[in-house]
Amino acid sequence: MRGNPIPESNEAENWGVLKRLVPYLTEFKWRVILALLFLVGAKLATTGMPFMVKGIVDQLGAKENTDTSAWLLAPVGLVFVYGALRFANVLFGEIRDTLFGRVTERAMRRVAHEVFVHLHQLDLAYHLNRKTGAVSRDIERGVSGISFLLRFMVFSILPALIEILLVVGILLFQYGWSFGLTTFVAIVVYIFYSMKVTNWRRAFLREANTADSASSSRAIDSLLNYETVKYYTNESFEADRYDVNLQQLEQAKRKNRLSLFVLNGGQALIISLSMTAMMLLAVLGVQDGQMSVGDFVLVNAFMMQLFIPLGSLGFVYREIKTSMINIEQLFNILDVPPQITDVPDAAALQISSGQITFSDVSFHYRQDREIISKLNLNIEAGQTVAVVGPSGSGKSTLVKLLFRFYDPTSGAISIDDQNLKAVTQNSLRKAIGIVPQETVLFNDSIWENIRYGCPEASDEAVEKAISMAYLDDFIKQLPDGTETQVGERGLKLSGGEKQRVAIARTILKKPPIMVFDEATSSLDSHAERMILDAISELSKNTTSLVIAHRLSTVVNADKICVLVQGALAEQGTHQELLKLGGVYASLWAAQQEEEDTSF
């Protein structure tokens, strides 16, 4: 099985991630400025410490100083200054971390919230094609990447650059061009090597991320469909497929580890050569009498002090590039444009009567297969209209078009003479309630799943909805009552029980327009009768669209429309269609024969 392709990205796009993060930092700009000031203060303190060490060594080694008290007091004073500088370095660093910590946390929160909102704004087509596990991992890694990038840009990259500039400048002006140039060349070679090798490693990092997302997605998909796996005894098949993804991840990590060896080995060689060269220059300077022992200690301290952040700079650069890749994937989600959007001047849908009109509506998912063809259908206010037909005739597609999960490829749909494209999606969907064919519940209590239809509803309203959906007797049998947990996607409940929870949820919403998409398909005859009574009660003051496979459930509908290959073949009452002797009559006869045979 082949893995997903590695997304390509150039250097400019990677660093463009920083530009996209800037707006998330403006909320606490004064904190950022103060953090940077304390950062500079900490680095100045760090740079001053080697000078104190040099002074102490030179004072202790000054043989000509015959004043014993001065000989003792001068180094002691420098020791106290050294201690103060070391404390200032730590204190300023802690203050910097504290100030910038809130900036980082708020940026993570804002980006994660924005991605979450954006995912809910994307159209149904995107969600049908996405892999939940992969998207979840992209969000997780992206948000973590923001934390790492912001913290280490301020806590590692900037301090290291400031320290490098200070040290190179000091060595150049105090000890001559040989020291400054040697240090500068070592730093440039180190950074150039780190960047080149890290960029070479980027393909391996992307491959590892892709394999990680694939394995996570495979595991989540298999566990979500646990029952299906068990029904078909495909545990070994699923384990083998998962192992293929794990093998890809193992190979990607091995390549990543080997490339890391090349990077770390090269960095260690550059550091060793440059340290050796600087120490040799310092030794020669002391031997020639141009430098004191204190100067030798100073150069040694500076080089050790310099290569500590420089060593971490290589690590941080690697991780920052990884974080940028992860953040890039996160922003790629934000860059996916919704296919269904509100027009700029969209108004809220105003329901006066609830009349629904399909005017010459056509729709296709693919150009070569039309699902709905020039459909003209009028549902009068307060009417219950049923749509029936063979499987694949486009019945459920009408529901998706009515909710505006898709727009018609031609024609128009309107409610009370308001084109759905001209009203806000939020107001449209608030006006429509649905009992879907397959009810998916949240992993929460029965009570909270029902309240989801109207989160601000009172307890009395929820209890009334439970009663109208004939859930009372079922709930009384449960030890935890309405607090019973339904499990992931409601798997702890039967199909009929889930359907009644969905009906109670919709009752609580109190919409003026109702849609029943094969709402009784999962129910036995007794439960179906109760639900039909509830639907009948619920439909009294609403306009209702009923998608039905079982024709016996819609015999009392005000109008029955028969779809065949996306076109309206027949319409009328149950009796009128039977007299017509067409498609509906044939479907009715076939279903009656099935029921008689089954009985």
# chains A, B, ... in the order shown; residues from 1 in each chain; ligands from 1

$ residues_around --residues "Val361 (chain A)" --least-positions-apart "4" --cutoff "8 Å" --atoms "only C-alpha atoms" --output "list of chain:residue names"
A:Ile372, A:Ser373, A:Lys374, A:Leu375, A:Asn376, A:Pro408, A:Thr409, A:Ser410, A:Gly411, A:Ala412, A:Ile413

$ write_last_selection --atoms "C-alpha atoms" --output "short mmCIF file (atom, residue, chain, number, x, y, z; two decimals), in the first residue's frame"
data_model
loop_
_atom_site.label_atom_id
_atom_site.label_comp_id
_atom_site.auth_asym_id
_atom_site.auth_seq_id
_atom_site.Cartn_x
_atom_site.Cartn_y
_atom_site.Cartn_z
CA ILE A 372 -31.29 15.56 -9.80
CA SER A 373 -32.65 16.56 -13.21
CA LYS A 374 -34.84 19.66 -13.76
CA LEU A 375 -36.94 19.03 -10.67
CA ASN A 376 -39.98 21.21 -10.06
CA PRO A 408 -27.86 23.21 -7.25
CA THR A 409 -25.84 23.20 -10.45
CA SER A 410 -28.83 24.95 -12.03
CA GLY A 411 -32.24 26.13 -10.89
CA ALA A 412 -33.16 27.51 -7.48
CA ILE A 413 -34.60 26.45 -4.14
#

$ select_by_dssp --residues "region 188-401 of chain A" --states "alpha helix (DSSP H)" --output "ChimeraX atom specification"
/A:188-224,226-231,235-287,293-334,395-401

$ closest_residue --among "A:Lys579, A:Lys255, A:Lys230, A:Lys29" --to "Arg201 (chain A)" --atoms "only C-alpha atoms"
A:Lys255

$ closest_residue --among "A:Ser362, A:Val555, A:Ile507, A:Thr439" --to "Trp588 (chain A)" --atoms "only C-alpha atoms"
A:Val555

$ closest_atom_pairs --of "region 133-252 of chain A" --to "region 285-304 of chain A" --cutoff "10 Å" --atoms "only C-alpha atoms" --output "tab-separated table"
residue	atom	partner	partner_atom	distance
A:Glu163	CA	A:Phe302	CA	9.7
A:Ile164	CA	A:Phe302	CA	9.8
A:Val167	CA	A:Phe302	CA	6.9
A:Val168	CA	A:Phe302	CA	9.5
A:Ile170	CA	A:Phe302	CA	9.7
A:Leu171	CA	A:Val299	CA	7.9
A:Gln174	CA	A:Asp295	CA	9.9
A:Tyr175	CA	A:Met291	CA	8.5
A:Phe179	CA	A:Val299	CA	9.0
A:Thr183	CA	A:Met303	CA	8.4
